[in-house]
Amino acid sequence: MNPSNGASPPASFDALIARPSPWLSGQGPHADLVLSTRIRLARNLHSVPFTHRARDEQLQGVLLSVAGAAQRSRAFENGLLLRMTEMSPIERQILVERHLVSHELGDGVKPRGIMIAADESLSLMINEEDHLRLQAMTPGFQLAEAWSRADAADDELDQSLDFAFSEEIGYLTSCPTNAGTGLRASVLIHLPALVLVEEIQKVLKSIMEVGLNVRGLYGEHSEVMGNLFQISNQTTLGRSERESIERLERVTREIIETEERARERMMRDARVQIEDKVWRAYGTLRYCRSIHSREVINLCSAVRLGVALSMPGLCHLRVINELLVLTQPAHLQRLFGGDLSPGERNVYRAQIVRERLASAERETEA
């Protein structure tokens with residue numbers, strides 16, 4: 001399967017960020033609860049020290065080898081290669097905000113890069129914690145689809161690159177917790193009802209008891225905002241990719257059912273209060289003149305719940321999802337020209353939110 005079929009290749013960084021990330025589309029199975037699904041595979045090259053031990057010239061060699069292999073593959077046909085050392089801090093942070101690279105890769109110090117497929121469904125971080133980290137992202141709850149794309153791309157890269165592999169252990173990685181399959185499968189899920197009915201801690205405890213991790217919007221070491229939780233597998237050694245994915249799939253479906261029951265209970269017992277919460281949040285977003293990024297995320301959570309509950313007059317999920325990214329600091333500074341103070345960002349952020357919601361209203365009326 002070639003994910004780039006039918007997509008216009010991003011000829012430059014400007015072309016890439018001029019369009020919204022596909023994982024924000026609000027489409028796919030259970031998109032009202034699951035924003036996105038991600039599969040990540042960690043790999044290292046044989047006979048080259050891990051990234052934190054390698055010299056810069058060795059890392060440069062890894063960058064050239066991995067980028068070359070990706071450019072020859074069908075999965076990354078017409079893709080875009082970006083070198084971190086050639087990008088500004090704001091440009092690198094934009095990639096972080098779009099969930100394409102990690103904070104570590106975005107520091108721009110070492111010879112690092114990212115290869116992005118034409119439709120942005122696949123990306124390849126080079127010289128992060130491991131020599132390469134292949135990532136597939138889909139909108140909604142699509143673990144099988146994301147795995148299919150990542151697995152096919154991994155097979156292609158394996159034909160050109162000599163991965164560090166042990167018959168006893170599996171793939172060798174910089175951090176022992178990734179050794180074995182090198183697989184991290186995750187879903188970004190919205191659980192506002194479980195938070196409102198105060199059952200979220202019980203659910204999170206049960207998730208961790210079955211060997212899964214729970215993190216915030218931006219993954220490891222990030223806090224939970226907007227009732228958005230990233231749930232992922234924890235074990236990579238001694239368990240196959242299929243076993244890890246099936247466990248995450250099963251647990252996620254149970255969480256979805258639990259959240260849906262909580263939503264039904266809320267609308268039965270407190271419909272007016274929920275509708276009031278949703279419309280107060282929408283009104284603040286629609287008419288604000290200065291707003292912090294954290295407040296946007298939390299208010300979008302309430303509006304997103306209203307959209308999922310089919311409350312009339314609200315915008316499409318895609319609009320709410322896109323605001324989570326477009327209102328982040330680096331995106332704002334890129335759009336409005338350079339360094340902005342926190343106060344200036346709050347004003348421009350409010351402008352973006354108002355304009356996007358007004359545009360969505362006009363589209364609905366048309």
# chains A, B, ... in the order shown; residues from 1 in each chain; ligands from 1
call {"tool": "select_by_dssp", "arguments": {"residues": "region 8-163 of chain A", "states": "helix (DSSP H, G or I)", "output": "PyMOL selection string"}}
result
chain A and resi 13-17+22-24+56-72+84-86+89-97+105-107+143-160
call {"tool": "closest_atom_pairs", "arguments": {"of": "region 157-225 of chain A", "to": "region 242-266 of chain A", "cutoff": "9 Å", "atoms": "only C-alpha atoms", "output": "CSV"}}
result
residue,atom,partner,partner_atom,distance
A:Leu183,CA,A:Ser244,CA,8.3
A:Arg184,CA,A:Ser244,CA,8.6
A:Ala185,CA,A:Ile245,CA,6.6
A:Ser186,CA,A:Leu248,CA,7.7
A:Val187,CA,A:Thr252,CA,8.0
A:Ile189,CA,A:Ile256,CA,8.7
A:His190,CA,A:Glu259,CA,8.9
A:Leu191,CA,A:Glu259,CA,6.3
A:Pro192,CA,A:Glu259,CA,8.0
A:Ala193,CA,A:Arg263,CA,5.4
A:Leu194,CA,A:Glu259,CA,5.9
A:Leu196,CA,A:Met266,CA,8.7
A:Val197,CA,A:Ala262,CA,7.2
A:Glu199,CA,A:Ala262,CA,8.9
A:Val203,CA,A:Ile255,CA,7.7
A:Ile207,CA,A:Val251,CA,7.4
A:Val210,CA,A:Val251,CA,8.7
A:Leu212,CA,A:Leu248,CA,7.7
call {"tool": "write_last_selection", "arguments": {"atoms": "C-alpha atoms", "output": "PDB file, in the first residue's frame"}}
result
ATOM      1  CA  LEU A 183       6.457  -0.973  19.117  1.00  0.00           C
ATOM      2  CA  ARG A 184       4.480   1.808  20.761  1.00  0.00           C
ATOM      3  CA  ALA A 185       0.807   1.790  19.842  1.00  0.00           C
ATOM      4  CA  SER A 186      -1.356   4.579  21.217  1.00  0.00           C
ATOM      5  CA  VAL A 187      -4.747   6.249  20.995  1.00  0.00           C
ATOM      6  CA  ILE A 189      -8.971   9.662  23.489  1.00  0.00           C
ATOM      7  CA  HIS A 190     -11.399  12.271  24.855  1.00  0.00           C
ATOM      8  CA  LEU A 191     -13.043  11.280  28.158  1.00  0.00           C
ATOM      9  CA  PRO A 192     -14.954  14.321  29.485  1.00  0.00           C
ATOM     10  CA  ALA A 193     -17.953  12.419  30.849  1.00  0.00           C
ATOM     11  CA  LEU A 194     -15.818  10.115  32.982  1.00  0.00           C
ATOM     12  CA  LEU A 196     -17.388  14.986  35.094  1.00  0.00           C
ATOM     13  CA  VAL A 197     -18.949  11.982  36.854  1.00  0.00           C
ATOM     14  CA  GLU A 199     -15.007   7.994  37.586  1.00  0.00           C
ATOM     15  CA  VAL A 203     -10.736   3.892  34.906  1.00  0.00           C
ATOM     16  CA  ILE A 207      -5.820   0.784  32.524  1.00  0.00           C
ATOM     17  CA  VAL A 210      -3.386  -4.277  32.698  1.00  0.00           C
ATOM     18  CA  LEU A 212      -0.877   0.137  29.664  1.00  0.00           C
TER      19      LEU A 212
END
call {"tool": "atom_distance", "arguments": {"atom1": "CA of Val278 (chain A)", "atom2": "CA of Leu204 (chain A)"}}
result
24.6 Å
call {"tool": "residues_around", "arguments": {"residues": "Ala136 (chain A)", "least_positions_apart": "5", "cutoff": "7 Å", "atoms": "only C-alpha atoms", "output": "compact mmCIF listing (two decimals) with C-alpha atoms, in the first residue's frame"}}
result
# COMPACT_ATOMS: atom_id res chain seq x y z
CA ARG A 38 -0.58 6.13 16.30
CA ILE A 39 1.86 3.29 15.71
CA ARG A 40 5.55 3.96 16.32
CA SER A 121 0.16 9.75 7.47
CA LEU A 122 3.73 8.46 7.84
CA SER A 123 6.78 10.16 9.27
CA ALA A 146 -2.06 2.42 11.31
CA ARG A 149 0.98 1.32 7.08
CA ALA A 150 3.81 1.22 9.60
call {"tool": "closest_atom_pairs", "arguments": {"of": "region 183-291 of chain A", "to": "region 295-299 of chain A", "cutoff": "12 Å", "atoms": "only C-alpha atoms", "output": "CSV"}}
result
residue,atom,partner,partner_atom,distance
A:His190,CA,A:Asn298,CA,11.3
A:Pro192,CA,A:Asn298,CA,10.1
A:Leu217,CA,A:Ile297,CA,10.1
A:Val224,CA,A:Asn298,CA,10.3
A:Met225,CA,A:Asn298,CA,6.6
A:Gly226,CA,A:Asn298,CA,4.2
A:Asn227,CA,A:Asn298,CA,7.5
A:Leu228,CA,A:Ile297,CA,9.3
A:Lys277,CA,A:Leu299,CA,9.3
A:Val278,CA,A:Leu299,CA,8.2
A:Trp279,CA,A:Leu299,CA,9.9
A:Arg280,CA,A:Leu299,CA,8.8
A:Ala281,CA,A:Leu299,CA,5.1
A:Tyr282,CA,A:Leu299,CA,7.3
A:Gly283,CA,A:Leu299,CA,9.7
A:Thr284,CA,A:Leu299,CA,8.0
A:Leu285,CA,A:Leu299,CA,7.2
A:Arg286,CA,A:Leu299,CA,10.7
A:Cys288,CA,A:Val296,CA,10.2
A:Ser290,CA,A:Glu295,CA,10.3
A:Ile291,CA,A:Glu295,CA,6.6
call {"tool": "closest_atom_pairs", "arguments": {"of": "region 40-85 of chain A", "to": "region 102-109 of chain A", "cutoff": "9 Å", "atoms": "only C-alpha atoms", "output": "JSON lines"}}
result
{"residue": "A:Arg83", "atom": "CA", "partner": "A:Gly108", "partner_atom": "CA", "distance": 8.4}
{"residue": "A:Met84", "atom": "CA", "partner": "A:Gly108", "partner_atom": "CA", "distance": 4.8}
{"residue": "A:Thr85", "atom": "CA", "partner": "A:Gly108", "partner_atom": "CA", "distance": 5.0}
call {"tool": "residues_around", "arguments": {"residues": "Asp56 (chain A)", "least_positions_apart": "6", "cutoff": "12 Å", "atoms": "only C-alpha atoms", "output": "list in words"}}
result
Val48, Pro49, Phe50, Val62, Leu63, Val109, Lys110, Pro111, Arg112 and Asn127 of chain A
call {"tool": "write_last_selection", "arguments": {"atoms": "N, CA and C atoms", "output": "short mmCIF file (atom, residue, chain, number, x, y, z; two decimals), in the first residue's frame"}}
result
data_model
loop_
_atom_site.label_atom_id
_atom_site.label_comp_id
_atom_site.auth_asym_id
_atom_site.auth_seq_id
_atom_site.Cartn_x
_atom_site.Cartn_y
_atom_site.Cartn_z
N VAL A 48 26.47 0.76 14.54
CA VAL A 48 26.58 2.20 14.79
C VAL A 48 26.15 2.45 16.23
N PRO A 49 26.94 3.21 17.02
CA PRO A 49 26.54 3.47 18.41
C PRO A 49 25.17 4.14 18.47
N PHE A 50 24.45 3.89 19.58
CA PHE A 50 23.17 4.56 19.76
C PHE A 50 23.37 6.07 19.70
N VAL A 62 24.16 8.25 9.62
CA VAL A 62 22.86 7.64 9.84
C VAL A 62 21.77 8.44 9.11
N LEU A 63 21.86 9.76 9.23
CA LEU A 63 20.86 10.63 8.59
C LEU A 63 20.84 10.41 7.07
N VAL A 109 20.13 20.48 17.83
CA VAL A 109 21.55 20.53 18.16
C VAL A 109 22.36 19.55 17.32
N LYS A 110 21.92 18.30 17.27
CA LYS A 110 22.68 17.26 16.57
C LYS A 110 22.16 17.09 15.14
N PRO A 111 22.91 16.33 14.31
CA PRO A 111 22.43 16.03 12.95
C PRO A 111 21.17 15.16 13.01
N ARG A 112 20.05 15.79 12.95
CA ARG A 112 18.77 15.10 13.07
C ARG A 112 17.85 15.54 11.94
N ASN A 127 17.59 9.99 14.21
CA ASN A 127 18.53 10.37 15.26
C ASN A 127 17.86 11.04 16.45
#
call {"tool": "residues_around", "arguments": {"residues": "Arg98 (chain A)", "least_positions_apart": "2", "cutoff": "12 Å", "atoms": "only C-alpha atoms", "output": "VMD selection string"}}
result
chain A and resid 16 to 17 19 to 24 91 to 96 100 to 103 106 120 to 121 123 137 217 to 218 321 to 331
call {"tool": "write_last_selection", "arguments": {"atoms": "N, CA and C atoms", "output": "compact mmCIF listing (two decimals), in the first residue's frame"}}
result
# COMPACT_ATOMS: atom_id res chain seq x y z
N LEU A 16 3.82 22.29 3.72
CA LEU A 16 3.37 21.32 4.71
C LEU A 16 2.44 21.96 5.73
N ILE A 17 2.85 23.09 6.30
CA ILE A 17 2.08 23.69 7.39
C ILE A 17 0.91 24.53 6.88
N ARG A 19 -1.47 23.37 5.25
CA ARG A 19 -2.66 22.52 5.29
C ARG A 19 -2.75 21.85 6.66
N PRO A 20 -3.97 21.57 7.11
CA PRO A 20 -4.13 20.93 8.43
C PRO A 20 -3.65 19.47 8.42
N SER A 21 -3.18 19.01 9.55
CA SER A 21 -2.75 17.62 9.67
C SER A 21 -3.95 16.68 9.48
N PRO A 22 -3.79 15.61 8.69
CA PRO A 22 -4.91 14.69 8.44
C PRO A 22 -5.50 14.07 9.71
N TRP A 23 -4.67 13.88 10.75
CA TRP A 23 -5.20 13.23 11.95
C TRP A 23 -6.19 14.11 12.71
N LEU A 24 -6.32 15.38 12.29
CA LEU A 24 -7.26 16.29 12.93
C LEU A 24 -8.61 16.33 12.22
N GLU A 91 10.12 26.92 13.73
CA GLU A 91 9.76 25.88 12.77
C GLU A 91 9.84 24.50 13.39
N ARG A 92 10.88 24.26 14.18
CA ARG A 92 10.99 22.95 14.84
C ARG A 92 9.86 22.74 15.84
N GLN A 93 9.49 23.80 16.56
CA GLN A 93 8.41 23.68 17.54
C GLN A 93 7.07 23.45 16.85
N ILE A 94 6.89 23.98 15.66
CA ILE A 94 5.66 23.71 14.90
C ILE A 94 5.52 22.21 14.65
N LEU A 95 6.63 21.55 14.32
CA LEU A 95 6.59 20.10 14.09
C LEU A 95 6.22 19.36 15.36
N VAL A 96 6.68 19.86 16.51
CA VAL A 96 6.29 19.26 17.80
C VAL A 96 4.79 19.44 18.02
N LEU A 100 4.47 15.63 14.94
CA LEU A 100 5.33 14.96 13.97
C LEU A 100 6.68 14.60 14.56
N VAL A 101 7.19 15.41 15.49
CA VAL A 101 8.47 15.12 16.12
C VAL A 101 8.34 15.29 17.63
N SER A 102 9.27 14.70 18.35
CA SER A 102 9.32 14.83 19.80
C SER A 102 10.07 16.10 20.18
N HIS A 103 9.97 16.48 21.46
CA HIS A 103 10.73 17.64 21.94
C HIS A 103 12.22 17.41 21.77
N GLY A 106 13.31 17.98 18.27
CA GLY A 106 13.16 19.38 17.90
C GLY A 106 14.19 20.31 18.48
N GLU A 120 1.24 12.92 4.93
CA GLU A 120 1.53 13.13 6.35
C GLU A 120 1.07 11.99 7.24
N SER A 121 0.61 10.88 6.65
CA SER A 121 0.16 9.75 7.47
C SER A 121 1.34 8.95 8.01
N SER A 123 5.61 9.32 9.07
CA SER A 123 6.78 10.16 9.27
C SER A 123 7.90 9.32 9.87
N MET A 137 0.13 7.65 11.63
CA MET A 137 -1.00 8.25 12.36
C MET A 137 -2.24 8.24 11.49
N LEU A 217 -1.61 15.05 26.39
CA LEU A 217 -1.80 15.35 24.97
C LEU A 217 -0.52 15.19 24.16
N TYR A 218 0.64 15.56 24.74
CA TYR A 218 1.90 15.50 24.01
C TYR A 218 2.79 14.35 24.45
N ASN A 321 -10.85 20.18 16.52
CA ASN A 321 -9.56 19.49 16.55
C ASN A 321 -8.44 20.40 16.05
N GLU A 322 -8.68 21.11 14.95
CA GLU A 322 -7.65 21.95 14.37
C GLU A 322 -7.26 23.10 15.30
N LEU A 323 -8.23 23.61 16.07
CA LEU A 323 -7.92 24.69 17.00
C LEU A 323 -6.91 24.26 18.07
N LEU A 324 -6.90 22.97 18.41
CA LEU A 324 -5.94 22.47 19.39
C LEU A 324 -4.50 22.69 18.93
N VAL A 325 -4.28 22.70 17.61
CA VAL A 325 -2.93 22.86 17.06
C VAL A 325 -2.68 24.30 16.61
N LEU A 326 -3.64 24.89 15.91
CA LEU A 326 -3.45 26.22 15.34
C LEU A 326 -3.23 27.30 16.40
N THR A 327 -3.71 27.07 17.61
CA THR A 327 -3.59 28.09 18.66
C THR A 327 -2.35 27.89 19.54
N GLN A 328 -1.51 26.92 19.20
CA GLN A 328 -0.28 26.71 19.97
C GLN A 328 0.73 27.81 19.65
N PRO A 329 1.67 28.11 20.57
CA PRO A 329 2.55 29.27 20.43
C PRO A 329 3.34 29.36 19.13
N ALA A 330 3.95 28.27 18.69
CA ALA A 330 4.79 28.35 17.48
C ALA A 330 3.94 28.60 16.24
N HIS A 331 2.79 27.97 16.15
CA HIS A 331 1.90 28.22 15.01
C HIS A 331 1.49 29.69 14.96
call {"tool": "atom_distance", "arguments": {"atom1": "CA of Glu57 (chain A)", "atom2": "CA of Ile126 (chain A)"}}
result
14.1 Å
call {"tool": "atom_distance", "arguments": {"atom1": "CA of Ile200 (chain A)", "atom2": "CA of Phe229 (chain A)"}}
result
10.6 Å
call {"tool": "closest_residue", "arguments": {"among": "A:Pro139, A:Gly68, A:Gly338, A:Gly182", "to": "Phe165 (chain A)", "atoms": "only C-alpha atoms"}}
result
A:Gly182
call {"tool": "residues_around", "arguments": {"residues": "Glu365 (chain A)", "least_positions_apart": "4", "cutoff": "12 Å", "atoms": "only C-alpha atoms", "output": "list in words"}}
result
Gly313, Leu314, Cys315, Ala358, Ser359, Ala360 and Glu361 of chain A
call {"tool": "write_last_selection", "arguments": {"atoms": "N, CA and C atoms", "output": "PDB file, in the first residue's frame"}}
result
ATOM      1  N   GLY A 313     -26.274  23.306  15.970  1.00  0.00           N
ATOM      2  CA  GLY A 313     -25.703  24.643  15.906  1.00  0.00           C
ATOM      3  C   GLY A 313     -24.213  24.719  16.148  1.00  0.00           C
ATOM      4  N   LEU A 314     -23.580  23.598  16.457  1.00  0.00           N
ATOM      5  CA  LEU A 314     -22.141  23.602  16.702  1.00  0.00           C
ATOM      6  C   LEU A 314     -21.381  23.220  15.433  1.00  0.00           C
ATOM      7  N   CYS A 315     -20.080  23.487  15.429  1.00  0.00           N
ATOM      8  CA  CYS A 315     -19.254  23.230  14.247  1.00  0.00           C
ATOM      9  C   CYS A 315     -18.865  21.754  14.157  1.00  0.00           C
ATOM     10  N   ALA A 358     -16.268  31.601  13.183  1.00  0.00           N
ATOM     11  CA  ALA A 358     -17.148  32.384  12.309  1.00  0.00           C
ATOM     12  C   ALA A 358     -17.199  31.771  10.916  1.00  0.00           C
ATOM     13  N   SER A 359     -16.035  31.333  10.423  1.00  0.00           N
ATOM     14  CA  SER A 359     -15.981  30.690   9.112  1.00  0.00           C
ATOM     15  C   SER A 359     -16.783  29.397   9.111  1.00  0.00           C
ATOM     16  N   ALA A 360     -16.682  28.638  10.197  1.00  0.00           N
ATOM     17  CA  ALA A 360     -17.432  27.387  10.298  1.00  0.00           C
ATOM     18  C   ALA A 360     -18.934  27.654  10.320  1.00  0.00           C
ATOM     19  N   GLU A 361     -19.359  28.737  10.979  1.00  0.00           N
ATOM     20  CA  GLU A 361     -20.772  29.079  11.000  1.00  0.00           C
ATOM     21  C   GLU A 361     -21.270  29.418   9.609  1.00  0.00           C
TER      22      GLU A 361
END
call {"tool": "residues_around", "arguments": {"residues": "Leu161 (chain A)", "least_positions_apart": "3", "cutoff": "12 Å", "atoms": "only C-alpha atoms", "output": "JSON, numbers by chain"}}
result
{"A": [43, 44, 45, 46, 47, 48, 62, 63, 64, 65, 66, 67, 68, 69, 70, 72, 73, 131, 132, 154, 155, 156, 157, 158, 164, 165]}
call {"tool": "closest_residue", "arguments": {"among": "A:Gly216, A:Gly79, A:Gly343, A:Gly238", "to": "Ala179 (chain A)", "atoms": "only C-alpha atoms"}}
result
A:Gly238
call {"tool": "closest_residue", "arguments": {"among": "A:Met311, A:Val34, A:Leu188, A:Ile114", "to": "Asn213 (chain A)", "atoms": "only C-alpha atoms"}}
result
A:Leu188
